[in-house]
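Data from upload_29.cif: mmCIF, C-alpha atoms
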```cif
data_upload
loop_
_atom_site.label_atom_id
_atom_site.label_comp_id
_atom_site.auth_asym_id
_atom_site.auth_seq_id
_atom_site.Cartn_x
_atom_site.Cartn_y
_atom_site.Cartn_z
CA MET A 1 71.64 -58.59 -12.59
CA LEU A 2 71.47 -54.79 -12.46
CA HIS A 3 68.16 -54.84 -14.34
CA SER A 4 66.72 -57.33 -11.85
CA ASN A 5 67.72 -55.10 -8.93
CA ARG A 6 65.94 -52.13 -10.54
CA VAL A 7 62.77 -54.15 -11.09
CA PHE A 8 62.84 -55.33 -7.49
CA SER A 9 63.32 -51.76 -6.24
CA LEU A 10 60.33 -50.55 -8.25
CA PHE A 11 58.30 -53.41 -6.87
CA LEU A 12 59.18 -52.38 -3.31
CA ILE A 13 58.26 -48.77 -4.04
CA CYS A 14 54.84 -49.88 -5.30
CA ILE A 15 54.31 -51.98 -2.18
CA TYR A 16 55.29 -49.08 0.07
CA TYR A 17 52.93 -46.73 -1.86
CA LEU A 18 49.99 -49.09 -1.54
CA LEU A 19 50.63 -49.55 2.16
CA TRP A 20 50.94 -45.76 2.69
CA THR A 21 47.71 -45.11 0.76
CA ALA A 22 45.88 -47.75 2.76
CA THR A 23 47.07 -46.15 5.99
CA LEU A 24 46.18 -42.59 4.84
CA SER A 25 42.68 -43.31 3.51
CA PRO A 26 41.01 -43.79 6.91
CA ARG A 27 42.62 -40.56 8.08
CA LEU A 28 41.25 -38.68 5.06
CA THR A 29 37.81 -40.16 5.52
CA LEU A 30 37.82 -39.25 9.21
CA GLN A 31 38.97 -35.70 8.37
CA GLN A 32 36.24 -35.33 5.75
CA GLU A 33 33.60 -36.55 8.18
CA THR A 34 34.89 -34.15 10.84
CA THR A 35 34.80 -31.26 8.35
CA THR A 36 31.27 -32.16 7.22
CA THR A 37 30.10 -32.41 10.78
CA LYS A 38 31.62 -29.02 11.50
CA ILE A 39 29.89 -27.42 8.49
CA TRP A 40 26.46 -28.64 9.60
CA ASP A 41 26.89 -27.90 13.29
CA CYS A 42 23.79 -25.99 14.41
CA PRO A 43 24.06 -22.60 16.10
CA THR A 44 23.42 -22.65 19.81
CA LYS A 45 19.70 -22.60 20.66
CA CYS A 46 18.74 -23.68 17.12
CA ILE A 47 17.50 -26.94 15.67
CA CYS A 48 18.72 -28.00 12.23
CA LEU A 49 16.15 -30.38 10.83
CA SER A 50 18.32 -30.61 7.73
CA PRO A 51 20.91 -28.50 5.92
CA LYS A 52 17.91 -26.77 4.28
CA GLN A 53 15.62 -26.19 7.26
CA VAL A 54 16.68 -24.46 10.50
CA LEU A 55 14.53 -23.46 13.46
CA CYS A 56 15.71 -20.89 16.01
CA ASN A 57 12.48 -20.32 17.89
CA THR A 58 12.09 -19.21 21.53
CA GLY A 59 15.85 -19.44 21.93
CA GLY A 60 16.52 -16.03 23.39
CA LEU A 61 18.93 -15.09 20.60
CA GLU A 62 20.24 -11.54 20.92
CA ASP A 63 21.71 -11.49 17.43
CA ILE A 64 21.11 -13.26 14.13
CA PRO A 65 23.61 -16.17 13.91
CA THR A 66 24.21 -15.78 10.16
CA GLN A 67 27.87 -16.87 10.28
CA HIS A 68 26.96 -20.17 11.93
CA LEU A 69 24.10 -21.13 9.63
CA PRO A 70 24.56 -23.57 6.75
CA GLN A 71 24.74 -21.67 3.48
CA THR A 72 22.35 -24.21 1.97
CA VAL A 73 19.48 -23.22 4.30
CA GLU A 74 16.23 -22.56 2.44
CA GLU A 75 13.76 -22.17 5.33
CA LEU A 76 14.84 -20.20 8.39
CA SER A 77 12.59 -19.46 11.35
CA LEU A 78 13.80 -16.91 13.92
CA THR A 79 10.64 -16.34 15.96
CA LYS A 80 10.34 -15.18 19.57
CA ASN A 81 13.93 -14.09 20.11
CA SER A 82 15.39 -10.89 21.55
CA PHE A 83 17.38 -9.14 18.81
CA PRO A 84 16.24 -5.49 18.51
CA ILE A 85 18.06 -4.62 15.26
CA ILE A 86 18.19 -6.23 11.84
CA LYS A 87 21.47 -4.90 10.47
CA SER A 88 22.33 -4.09 6.88
CA ASP A 89 23.15 -7.26 4.90
CA ALA A 90 22.07 -9.27 7.95
CA PHE A 91 21.73 -12.48 5.94
CA PHE A 92 24.78 -12.12 3.70
CA GLY A 93 25.84 -15.43 2.19
CA LEU A 94 22.51 -17.24 2.61
CA LYS A 95 21.81 -17.16 -1.11
CA SER A 96 19.56 -20.24 -1.05
CA LEU A 97 17.12 -18.77 1.48
CA ARG A 98 13.50 -18.99 0.28
CA LYS A 99 11.40 -18.49 3.42
CA LEU A 100 12.31 -16.28 6.37
CA THR A 101 10.09 -15.87 9.44
CA MET A 102 10.94 -13.36 12.17
CA ASP A 103 7.63 -13.03 14.01
CA GLY A 104 7.40 -12.23 17.71
CA ASN A 105 10.84 -10.66 18.07
CA ASN A 106 11.83 -7.48 19.90
CA ILE A 107 12.62 -5.72 16.61
CA SER A 108 12.73 -1.94 16.83
CA THR A 109 14.94 -1.12 13.82
CA ILE A 110 15.44 -2.52 10.33
CA ARG A 111 18.55 -1.00 8.76
CA PRO A 112 18.79 -0.07 5.05
CA PHE A 113 19.33 -3.03 2.73
CA ALA A 114 18.81 -5.50 5.56
CA PHE A 115 17.79 -8.26 3.13
CA ARG A 116 20.11 -7.49 0.25
CA GLY A 117 21.45 -10.48 -1.63
CA LEU A 118 18.50 -12.80 -0.97
CA SER A 119 17.62 -13.26 -4.64
CA LYS A 120 15.72 -16.51 -4.05
CA LEU A 121 13.67 -15.29 -1.09
CA ARG A 122 9.94 -15.83 -1.70
CA GLU A 123 8.29 -15.24 1.68
CA LEU A 124 9.27 -12.79 4.43
CA SER A 125 7.25 -12.41 7.61
CA ILE A 126 7.91 -9.80 10.30
CA GLN A 127 4.79 -9.68 12.47
CA HIS A 128 3.88 -9.11 16.13
CA THR A 129 6.93 -6.94 16.85
CA PRO A 130 7.33 -3.42 18.32
CA LEU A 131 8.73 -2.12 15.02
CA PRO A 132 7.73 1.61 15.17
CA PHE A 133 8.37 2.68 11.56
CA ILE A 134 9.79 1.54 8.25
CA GLU A 135 13.12 3.19 7.61
CA GLN A 136 14.39 4.36 4.23
CA PHE A 137 15.61 1.44 2.09
CA SER A 138 14.72 -1.13 4.78
CA PHE A 139 13.16 -3.43 2.20
CA ALA A 140 15.13 -2.18 -0.78
CA ALA A 141 16.50 -4.50 -3.45
CA LEU A 142 14.21 -7.40 -2.62
CA GLN A 143 13.65 -9.33 -5.82
CA ASN A 144 10.97 -11.94 -6.45
CA VAL A 145 9.48 -12.00 -2.94
CA SER A 146 5.94 -13.30 -3.29
CA VAL A 147 4.65 -12.41 0.18
CA LEU A 148 5.77 -9.65 2.53
CA LEU A 149 3.86 -9.81 5.82
CA LEU A 150 4.17 -6.73 8.04
CA ALA A 151 0.90 -6.98 9.96
CA ASN A 152 0.37 -6.59 13.70
CA ASN A 153 3.39 -4.39 14.39
CA LYS A 154 3.61 -0.82 15.78
CA ILE A 155 4.37 0.89 12.47
CA ARG A 156 3.27 4.54 12.67
CA TYR A 157 4.84 5.88 9.49
CA ILE A 158 6.68 4.81 6.35
CA GLU A 159 9.69 6.80 5.21
CA GLY A 160 10.49 7.62 1.60
CA TYR A 161 12.08 4.99 -0.64
CA SER A 162 11.56 2.20 1.90
CA PHE A 163 10.92 -0.33 -0.89
CA ALA A 164 13.17 1.05 -3.64
CA GLY A 165 14.23 -1.51 -6.21
CA THR A 166 11.83 -4.16 -4.92
CA SER A 167 9.64 -5.95 -7.44
CA ASN A 168 7.44 -8.95 -8.19
CA ILE A 169 5.63 -9.05 -4.84
CA ARG A 170 2.20 -10.64 -4.77
CA VAL A 171 1.07 -9.30 -1.39
CA ILE A 172 2.26 -6.59 1.00
CA LEU A 173 0.15 -6.80 4.13
CA LEU A 174 0.24 -3.84 6.54
CA THR A 175 -3.00 -4.44 8.45
CA ASN A 176 -3.29 -3.93 12.21
CA ASN A 177 -0.60 -1.26 12.46
CA PRO A 178 -1.23 2.21 13.96
CA LEU A 179 -0.12 3.72 10.67
CA LEU A 180 -0.79 7.47 10.80
CA ARG A 181 1.37 8.91 8.02
CA ILE A 182 2.57 7.82 4.59
CA GLN A 183 5.47 10.04 3.62
CA SER A 184 6.32 11.27 0.15
CA HIS A 185 7.91 8.65 -2.11
CA ALA A 186 7.30 5.91 0.50
CA PHE A 187 6.75 3.33 -2.26
CA SER A 188 8.99 4.78 -4.94
CA GLY A 189 10.69 2.07 -6.94
CA LEU A 190 8.25 -0.66 -5.89
CA THR A 191 6.92 -2.45 -8.97
CA ASN A 192 4.78 -5.42 -9.91
CA VAL A 193 2.69 -5.78 -6.75
CA VAL A 194 -0.52 -7.80 -6.91
CA ARG A 195 -2.07 -6.56 -3.63
CA LEU A 196 -1.03 -3.66 -1.39
CA ILE A 197 -3.36 -3.47 1.61
CA PHE A 198 -3.17 -0.70 4.22
CA PRO A 199 -4.43 -0.64 7.81
CA SER A 200 -7.20 1.56 9.13
CA GLY A 201 -6.62 4.90 10.83
CA ILE A 202 -4.30 6.66 8.37
CA ARG A 203 -4.47 10.40 9.06
CA THR A 204 -2.04 11.89 6.55
CA ILE A 205 -1.00 10.92 3.05
CA GLU A 206 1.67 13.30 1.87
CA PRO A 207 1.82 14.53 -1.73
CA ASP A 208 3.65 12.08 -4.01
CA ALA A 209 3.26 9.31 -1.42
CA PHE A 210 2.79 6.76 -4.21
CA ASP A 211 5.16 8.33 -6.73
CA GLY A 212 7.11 5.62 -8.52
CA LEU A 213 4.76 2.80 -7.51
CA GLN A 214 3.98 0.94 -10.72
CA HIS A 215 2.07 -2.09 -11.95
CA VAL A 216 -0.23 -2.76 -9.00
CA GLY A 217 -3.17 -5.14 -9.04
CA LEU A 218 -5.06 -3.77 -6.02
CA LEU A 219 -4.17 -0.70 -3.97
CA LYS A 220 -6.64 -0.57 -1.10
CA LEU A 221 -7.04 2.40 1.29
CA THR A 222 -9.78 1.92 3.89
CA TYR A 223 -11.02 3.45 7.16
CA MET A 224 -8.80 6.53 6.90
CA ASP A 225 -9.35 9.67 8.95
CA LEU A 226 -7.98 12.45 6.76
CA SER A 227 -8.40 16.18 7.15
CA SER A 228 -7.94 16.36 3.39
CA LEU A 229 -7.05 14.30 0.38
CA GLN A 230 -4.16 16.52 -0.59
CA SER A 231 -3.17 17.80 -4.00
CA PHE A 232 -0.92 15.38 -5.90
CA THR A 233 -1.55 12.52 -3.47
CA PHE A 234 -1.53 10.02 -6.34
CA ARG A 235 0.95 11.71 -8.66
CA GLY A 236 3.37 9.20 -10.14
CA LEU A 237 1.19 6.17 -9.40
CA SER A 238 0.78 4.25 -12.64
CA TYR A 239 -0.64 1.08 -14.13
CA VAL A 240 -3.09 0.07 -11.41
CA HIS A 241 -5.85 -2.43 -12.01
CA SER A 242 -7.96 -1.26 -9.06
CA LEU A 243 -7.47 1.76 -6.79
CA ASN A 244 -9.94 1.55 -3.89
CA ILE A 245 -10.60 4.51 -1.57
CA GLN A 246 -13.38 3.42 0.73
CA GLU A 247 -15.08 3.60 4.14
CA SER A 248 -13.06 6.70 5.05
CA ASP A 249 -13.38 10.28 6.17
CA LEU A 250 -11.62 12.08 3.33
CA GLY A 251 -12.18 15.60 4.61
CA ILE A 252 -11.68 18.04 1.74
CA VAL A 253 -10.84 16.53 -1.64
CA GLU A 254 -8.41 19.19 -2.78
CA LYS A 255 -8.05 20.23 -6.37
CA ASN A 256 -5.32 18.25 -8.15
CA ALA A 257 -5.67 15.32 -5.71
CA PHE A 258 -5.68 12.90 -8.65
CA ASP A 259 -3.35 14.84 -10.93
CA GLY A 260 -0.53 12.67 -12.23
CA LEU A 261 -2.39 9.39 -11.73
CA ASP A 262 -1.77 7.32 -14.83
CA HIS A 263 -3.43 4.23 -16.33
CA VAL A 264 -6.03 2.95 -13.87
CA ASP A 265 -8.54 0.32 -14.91
CA ARG A 266 -10.89 0.95 -11.97
CA LEU A 267 -11.00 3.93 -9.64
CA ASN A 268 -13.40 3.02 -6.84
CA ILE A 269 -14.42 5.81 -4.44
CA LEU A 270 -16.85 4.00 -2.16
CA ASN A 271 -18.79 4.76 1.03
CA ASN A 272 -16.75 7.76 2.16
CA LYS A 273 -17.62 10.93 4.04
CA ILE A 274 -16.49 13.96 2.05
CA ASP A 275 -16.70 17.45 3.51
CA LEU A 276 -16.11 19.23 0.22
CA ILE A 277 -14.94 18.41 -3.29
CA GLU A 278 -12.88 21.43 -4.32
CA ARG A 279 -12.33 20.01 -7.76
CA LEU A 280 -12.34 16.55 -9.31
CA PHE A 281 -10.58 16.46 -12.65
CA LEU A 282 -9.91 13.14 -14.36
CA LYS A 283 -8.49 13.85 -17.78
CA HIS A 284 -7.77 11.72 -20.83
CA GLU A 285 -4.11 11.56 -19.88
CA ASN A 286 -5.05 9.87 -16.60
CA SER A 287 -6.27 6.92 -18.72
CA ILE A 288 -8.98 5.79 -16.29
CA GLU A 289 -11.29 3.14 -17.71
CA LEU A 290 -13.98 3.11 -15.01
CA LEU A 291 -14.92 5.48 -12.18
CA ARG A 292 -17.25 4.07 -9.52
CA PHE A 293 -18.45 6.82 -7.17
CA HIS A 294 -20.81 4.88 -4.91
CA GLY A 295 -22.32 5.34 -1.47
CA ASN A 296 -20.51 8.56 -0.56
CA HIS A 297 -21.87 11.28 1.73
CA VAL A 298 -20.90 14.65 0.28
CA LEU A 299 -21.61 17.43 2.79
CA GLU A 300 -20.80 20.30 0.47
CA ALA A 301 -20.95 20.23 -3.32
CA PRO A 302 -18.33 21.79 -5.60
CA ARG A 303 -18.66 25.57 -6.07
CA HIS A 304 -19.28 25.17 -9.78
CA ALA A 305 -20.50 22.38 -12.04
CA ARG A 306 -17.31 22.70 -14.08
CA ASP A 307 -15.31 21.63 -11.02
CA ILE A 308 -16.37 18.04 -11.76
CA HIS A 309 -14.74 17.16 -15.07
CA LEU A 310 -14.56 13.45 -15.83
CA GLU A 311 -12.91 12.26 -19.03
CA VAL A 312 -13.07 8.55 -18.24
CA GLY A 313 -14.16 5.50 -20.17
CA SER A 314 -17.18 4.74 -18.01
CA ILE A 315 -18.87 6.43 -15.03
CA SER A 316 -21.11 4.95 -12.36
CA VAL A 317 -22.47 7.38 -9.73
CA VAL A 318 -25.12 5.75 -7.51
CA ASP A 319 -26.28 5.56 -3.88
CA ASN A 320 -24.58 8.81 -2.92
CA HIS A 321 -25.96 11.55 -0.67
CA PHE A 322 -25.63 15.12 -2.00
CA PRO A 323 -26.93 18.48 -0.72
CA CYS A 324 -30.42 19.12 -2.08
CA ASP A 325 -30.35 22.87 -1.50
CA CYS A 326 -29.04 25.46 -3.94
CA GLN A 327 -25.79 23.46 -4.26
CA ALA A 328 -27.63 20.64 -6.00
CA HIS A 329 -27.50 22.51 -9.33
CA ASN A 330 -23.72 22.22 -9.30
CA VAL A 331 -24.04 18.46 -8.99
CA LEU A 332 -26.88 17.99 -11.48
CA GLU A 333 -25.08 19.98 -14.16
CA SER A 334 -21.72 18.27 -13.61
CA ASP A 335 -20.10 15.22 -15.20
CA PHE A 336 -21.37 13.16 -12.26
CA VAL A 337 -24.57 12.84 -14.28
CA ASN A 338 -23.82 10.15 -16.81
CA GLY A 339 -27.08 9.85 -18.68
CA THR A 340 -30.32 11.64 -17.86
CA VAL A 341 -30.75 13.87 -14.85
CA THR A 342 -33.95 11.98 -14.02
CA GLU A 343 -32.13 8.65 -13.73
CA PHE A 344 -29.37 10.28 -11.67
CA GLN A 345 -31.91 11.70 -9.21
CA LYS A 346 -33.55 8.30 -8.82
CA MET A 347 -30.23 6.61 -8.00
CA ASN A 348 -28.91 9.18 -5.51
CA TYR A 349 -30.16 10.75 -2.28
CA CYS A 350 -30.31 13.96 -0.30
CA ILE A 351 -28.07 14.64 2.67
CA SER A 352 -29.56 18.07 3.38
CA PRO A 353 -31.82 19.83 4.25
CA ILE A 354 -32.76 17.69 7.21
CA GLU A 355 -36.34 17.12 6.04
CA TYR A 356 -35.05 15.47 2.87
CA ASN A 357 -32.18 13.53 4.42
CA GLY A 358 -32.07 9.98 3.09
CA LYS A 359 -34.79 10.57 0.50
CA PRO A 360 -34.22 10.18 -3.25
CA MET A 361 -33.24 13.37 -5.01
CA ASN A 362 -36.17 13.05 -7.43
CA LEU A 363 -38.57 14.02 -4.62
CA VAL A 364 -37.23 17.57 -4.74
CA ASP A 365 -38.32 20.07 -7.39
CA PHE A 366 -35.00 21.75 -8.09
CA ASP A 367 -36.62 24.18 -10.52
CA LEU A 368 -37.99 25.97 -7.47
CA ILE A 369 -34.62 26.18 -5.72
CA ALA A 370 -32.34 29.11 -6.49
CA ARG A 371 -28.78 28.67 -7.61
CA CYS A 372 -25.88 29.55 -5.34
CA HIS A 373 -24.46 32.60 -7.08
CA ASP A 374 -22.10 33.41 -4.24
CA ASN A 375 -21.60 32.61 -0.57
CA VAL A 376 -23.76 35.52 0.57
CA VAL A 377 -26.71 34.37 -1.48
CA GLN A 378 -26.08 30.79 -0.39
CA ASP A 379 -26.12 31.78 3.28
CA ASN A 380 -29.31 33.85 2.83
CA LEU A 381 -31.09 30.97 1.15
CA GLY A 382 -30.37 28.65 4.06
CA SER A 383 -31.36 25.05 3.52
CA GLY A 384 -33.11 25.68 0.23
CA VAL A 385 -36.48 24.36 1.35
CA VAL A 386 -39.17 25.10 -1.21
CA GLY A 387 -40.98 28.29 -0.23
CA ILE A 388 -40.62 32.03 -0.40
CA PHE A 389 -36.93 31.83 0.57
CA SER A 390 -36.36 29.48 -2.37
CA LEU A 391 -37.32 32.17 -4.86
CA PRO A 392 -34.61 33.96 -6.79
CA THR A 393 -33.19 36.84 -4.76
CA THR A 394 -34.27 39.57 -7.20
CA LEU A 395 -37.87 38.33 -7.28
CA PHE A 396 -37.93 38.09 -3.51
CA LEU A 397 -36.77 41.73 -3.16
CA VAL A 398 -39.39 42.91 -5.68
CA LEU A 399 -42.14 41.18 -3.72
CA LEU A 400 -40.89 42.62 -0.47
CA PHE A 401 -40.81 46.14 -1.96
CA SER A 402 -44.35 45.72 -3.35
CA MET A 403 -45.64 44.61 0.01
CA ASN A 404 -44.14 47.66 1.71
CA LEU A 405 -45.62 49.95 -0.99
CA PHE A 406 -49.05 48.38 -0.54
CA HIS A 407 -48.93 48.95 3.18
#
```
Please lay out the structure from this file as structure tokens.
Amino acid sequence: MLHSNRVFSLFLICIYYLLWTATLSPRLTLQQETTTTKIWDCPTKCICLSPKQVLCNTGGLEDIPTQHLPQTVEELSLTKNSFPIIKSDAFFGLKSLRKLTMDGNNISTIRPFAFRGLSKLRELSIQHTPLPFIEQFSFAALQNVSVLLLANNKIRYIEGYSFAGTSNIRVILLTNNPLLRIQSHAFSGLTNVVRLIFPSGIRTIEPDAFDGLQHVGLLKLTYMDLSSLQSFTFRGLSYVHSLNIQESDLGIVEKNAFDGLDHVDRLNILNNKIDLIERLFLKHENSIELLRFHGNHVLEAPRHARDIHLEVGSISVVDNHFPCDCQAHNVLESDFVNGTVTEFQKMNYCISPIEYNGKPMNLVDFDLIARCHDNVVQDNLGSGVVGIFSLPTTLFLVLLFSMNLFH
């Protein structure tokens, strides 16, 4: 009898358990649904197309609603809002983020390490903003970003180490910014960039501006307005497929401008205006495979032929305009001539004197033009037009003395 009572009691307990579970299950389900709904609630003024795609466009946001975004978001658009500052670690926790667009905002400051922790980010666009400069470490520690779009802002200068620790970028686009100055070490620590394209109008590139920039496909500098290409401008820049300096006023190419440049497949100096080349040394340790010096207008030649010393794999110097006065000897006896002097003269042109401007150099008989021994002689010889003033100074003085004696 006692055994039967125990069995019956266990039976009742089982019945009560099943009834309690059946009553609790709907509550659990409802709580889970409520929790899930809460997790995927969209921030105010945003549209969540899915847990992976969120749009916060034209919403008038004054801050980035990171804490209210689903951590699974992969594409986030924050265009045309009103937040002026991107704070450090602004997107902390959004580890799945792959595409981030922030165009058309009132951004004036990007704090150091603003995008830290976004290891999966592939595309970042900050365009059409009043951003006035790129602060130190603003884009530091970005890994594996394919495209960084910074065009159409108000960027006037780039501070040192702005991109430190950032690698594997296919394109950095800086076009349509009033960029005037690139500071020393601005790109230090930036590696593995396929294309780095600058805007027009750069006026100053500080020494060591590209120090620490490594493994670049194309580094393109165009339409600059420099007073000089300073010494050590490219020091520390290494492993570049193509370095293009083109369509610019370079002012004076100072001696040592290319010192410290290392491993360049193609150095293209194209269609520039150059006031004076103080010295152009490209040594074996620079490891430059090809120099293309094309279409440049050189107002004043180097002081000596030895100031052009080119230890490169291959040289192409064509369609340039050089002085065809006494300075021409310094060009014709320099390493610019890769092959015969005759061929060089056929492929290049005169910039001065005025009567020879635009004409091939081979139309001038340089045997009749004196060398520039010093600035005094150079000034006395003037343009170097063939005639009595083109004769060597000593011979000219002898003739003058003889004429006076005859009289």
### Query
Using the chain letters and numbers from the file, which residues does the PyMOL selection byres ((chain A and resi 152-169) around 7) grab, as a PyMOL selection string?
chain A and resi 127-147+150-151+170-171+175-194
Output C-alpha atoms for every residue in the selection just made, as a PDB file, in the coordinates of the input.
```pdb
ATOM      1  CA  GLN A 127       4.790  -9.680  12.470  1.00  0.00           C
ATOM      2  CA  HIS A 128       3.880  -9.110  16.130  1.00  0.00           C
ATOM      3  CA  THR A 129       6.930  -6.940  16.850  1.00  0.00           C
ATOM      4  CA  PRO A 130       7.330  -3.420  18.320  1.00  0.00           C
ATOM      5  CA  LEU A 131       8.730  -2.120  15.020  1.00  0.00           C
ATOM      6  CA  PRO A 132       7.730   1.610  15.170  1.00  0.00           C
ATOM      7  CA  PHE A 133       8.370   2.680  11.560  1.00  0.00           C
ATOM      8  CA  ILE A 134       9.790   1.540   8.250  1.00  0.00           C
ATOM      9  CA  GLU A 135      13.120   3.190   7.610  1.00  0.00           C
ATOM     10  CA  GLN A 136      14.390   4.360   4.230  1.00  0.00           C
ATOM     11  CA  PHE A 137      15.610   1.440   2.090  1.00  0.00           C
ATOM     12  CA  SER A 138      14.720  -1.130   4.780  1.00  0.00           C
ATOM     13  CA  PHE A 139      13.160  -3.430   2.200  1.00  0.00           C
ATOM     14  CA  ALA A 140      15.130  -2.180  -0.780  1.00  0.00           C
ATOM     15  CA  ALA A 141      16.500  -4.500  -3.450  1.00  0.00           C
ATOM     16  CA  LEU A 142      14.210  -7.400  -2.620  1.00  0.00           C
ATOM     17  CA  GLN A 143      13.650  -9.330  -5.820  1.00  0.00           C
ATOM     18  CA  ASN A 144      10.970 -11.940  -6.450  1.00  0.00           C
ATOM     19  CA  VAL A 145       9.480 -12.000  -2.940  1.00  0.00           C
ATOM     20  CA  SER A 146       5.940 -13.300  -3.290  1.00  0.00           C
ATOM     21  CA  VAL A 147       4.650 -12.410   0.180  1.00  0.00           C
ATOM     22  CA  LEU A 150       4.170  -6.730   8.040  1.00  0.00           C
ATOM     23  CA  ALA A 151       0.900  -6.980   9.960  1.00  0.00           C
ATOM     24  CA  ARG A 170       2.200 -10.640  -4.770  1.00  0.00           C
ATOM     25  CA  VAL A 171       1.070  -9.300  -1.390  1.00  0.00           C
ATOM     26  CA  THR A 175      -3.000  -4.440   8.450  1.00  0.00           C
ATOM     27  CA  ASN A 176      -3.290  -3.930  12.210  1.00  0.00           C
ATOM     28  CA  ASN A 177      -0.600  -1.260  12.460  1.00  0.00           C
ATOM     29  CA  PRO A 178      -1.230   2.210  13.960  1.00  0.00           C
ATOM     30  CA  LEU A 179      -0.120   3.720  10.670  1.00  0.00           C
ATOM     31  CA  LEU A 180      -0.790   7.470  10.800  1.00  0.00           C
ATOM     32  CA  ARG A 181       1.370   8.910   8.020  1.00  0.00           C
ATOM     33  CA  ILE A 182       2.570   7.820   4.590  1.00  0.00           C
ATOM     34  CA  GLN A 183       5.470  10.040   3.620  1.00  0.00           C
ATOM     35  CA  SER A 184       6.320  11.270   0.150  1.00  0.00           C
ATOM     36  CA  HIS A 185       7.910   8.650  -2.110  1.00  0.00           C
ATOM     37  CA  ALA A 186       7.300   5.910   0.500  1.00  0.00           C
ATOM     38  CA  PHE A 187       6.750   3.330  -2.260  1.00  0.00           C
ATOM     39  CA  SER A 188       8.990   4.780  -4.940  1.00  0.00           C
ATOM     40  CA  GLY A 189      10.690   2.070  -6.940  1.00  0.00           C
ATOM     41  CA  LEU A 190       8.250  -0.660  -5.890  1.00  0.00           C
ATOM     42  CA  THR A 191       6.920  -2.450  -8.970  1.00  0.00           C
ATOM     43  CA  ASN A 192       4.780  -5.420  -9.910  1.00  0.00           C
ATOM     44  CA  VAL A 193       2.690  -5.780  -6.750  1.00  0.00           C
ATOM     45  CA  VAL A 194      -0.520  -7.800  -6.910  1.00  0.00           C
TER      46      VAL A 194
END
```
### Task
Give me the result of the PyMOL selection byres ((chain A and resi 332) around 12) on this file, residue by residue, as an NGL selection string.
:A and (301-302 or 304-306 or 308 or 317 or 322-331 or 333-345 or 348 or 361-362 or 366-367 or 371)
For the residues selected in the previous step, produce a file with C-alpha atoms as a PDB file, in the coordinates of the input.
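Final file, again26.pdb:
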```pdb
ATOM      1  CA  ALA A 301     -20.950  20.230  -3.320  1.00  0.00           C
ATOM      2  CA  PRO A 302     -18.330  21.790  -5.600  1.00  0.00           C
ATOM      3  CA  HIS A 304     -19.280  25.170  -9.780  1.00  0.00           C
ATOM      4  CA  ALA A 305     -20.500  22.380 -12.040  1.00  0.00           C
ATOM      5  CA  ARG A 306     -17.310  22.700 -14.080  1.00  0.00           C
ATOM      6  CA  ILE A 308     -16.370  18.040 -11.760  1.00  0.00           C
ATOM      7  CA  VAL A 317     -22.470   7.380  -9.730  1.00  0.00           C
ATOM      8  CA  PHE A 322     -25.630  15.120  -2.000  1.00  0.00           C
ATOM      9  CA  PRO A 323     -26.930  18.480  -0.720  1.00  0.00           C
ATOM     10  CA  CYS A 324     -30.420  19.120  -2.080  1.00  0.00           C
ATOM     11  CA  ASP A 325     -30.350  22.870  -1.500  1.00  0.00           C
ATOM     12  CA  CYS A 326     -29.040  25.460  -3.940  1.00  0.00           C
ATOM     13  CA  GLN A 327     -25.790  23.460  -4.260  1.00  0.00           C
ATOM     14  CA  ALA A 328     -27.630  20.640  -6.000  1.00  0.00           C
ATOM     15  CA  HIS A 329     -27.500  22.510  -9.330  1.00  0.00           C
ATOM     16  CA  ASN A 330     -23.720  22.220  -9.300  1.00  0.00           C
ATOM     17  CA  VAL A 331     -24.040  18.460  -8.990  1.00  0.00           C
ATOM     18  CA  GLU A 333     -25.080  19.980 -14.160  1.00  0.00           C
ATOM     19  CA  SER A 334     -21.720  18.270 -13.610  1.00  0.00           C
ATOM     20  CA  ASP A 335     -20.100  15.220 -15.200  1.00  0.00           C
ATOM     21  CA  PHE A 336     -21.370  13.160 -12.260  1.00  0.00           C
ATOM     22  CA  VAL A 337     -24.570  12.840 -14.280  1.00  0.00           C
ATOM     23  CA  ASN A 338     -23.820  10.150 -16.810  1.00  0.00           C
ATOM     24  CA  GLY A 339     -27.080   9.850 -18.680  1.00  0.00           C
ATOM     25  CA  THR A 340     -30.320  11.640 -17.860  1.00  0.00           C
ATOM     26  CA  VAL A 341     -30.750  13.870 -14.850  1.00  0.00           C
ATOM     27  CA  THR A 342     -33.950  11.980 -14.020  1.00  0.00           C
ATOM     28  CA  GLU A 343     -32.130   8.650 -13.730  1.00  0.00           C
ATOM     29  CA  PHE A 344     -29.370  10.280 -11.670  1.00  0.00           C
ATOM     30  CA  GLN A 345     -31.910  11.700  -9.210  1.00  0.00           C
ATOM     31  CA  ASN A 348     -28.910   9.180  -5.510  1.00  0.00           C
ATOM     32  CA  MET A 361     -33.240  13.370  -5.010  1.00  0.00           C
ATOM     33  CA  ASN A 362     -36.170  13.050  -7.430  1.00  0.00           C
ATOM     34  CA  PHE A 366     -35.000  21.750  -8.090  1.00  0.00           C
ATOM     35  CA  ASP A 367     -36.620  24.180 -10.520  1.00  0.00           C
ATOM     36  CA  ARG A 371     -28.780  28.670  -7.610  1.00  0.00           C
TER      37      ARG A 371
END
```
## Note on the structure
The residue from A:Ile274, A:Ile107, A:Cys350, A:Val264 with the smallest atom-to-atom distance to Ser227 in chain A, counting all atoms listed in the file, is A:Ile274
### Task
With a distance cut-off of 7 Å and all atoms listed in the file, select the neighbouring residues of range 277-289 of chain A, excluding the residue or stretch itself and same-chain residues fewer than 3 positions from it, and output the selection as a PyMOL selection string.
chain A and resi 252-255+260-266+301-302+307-314
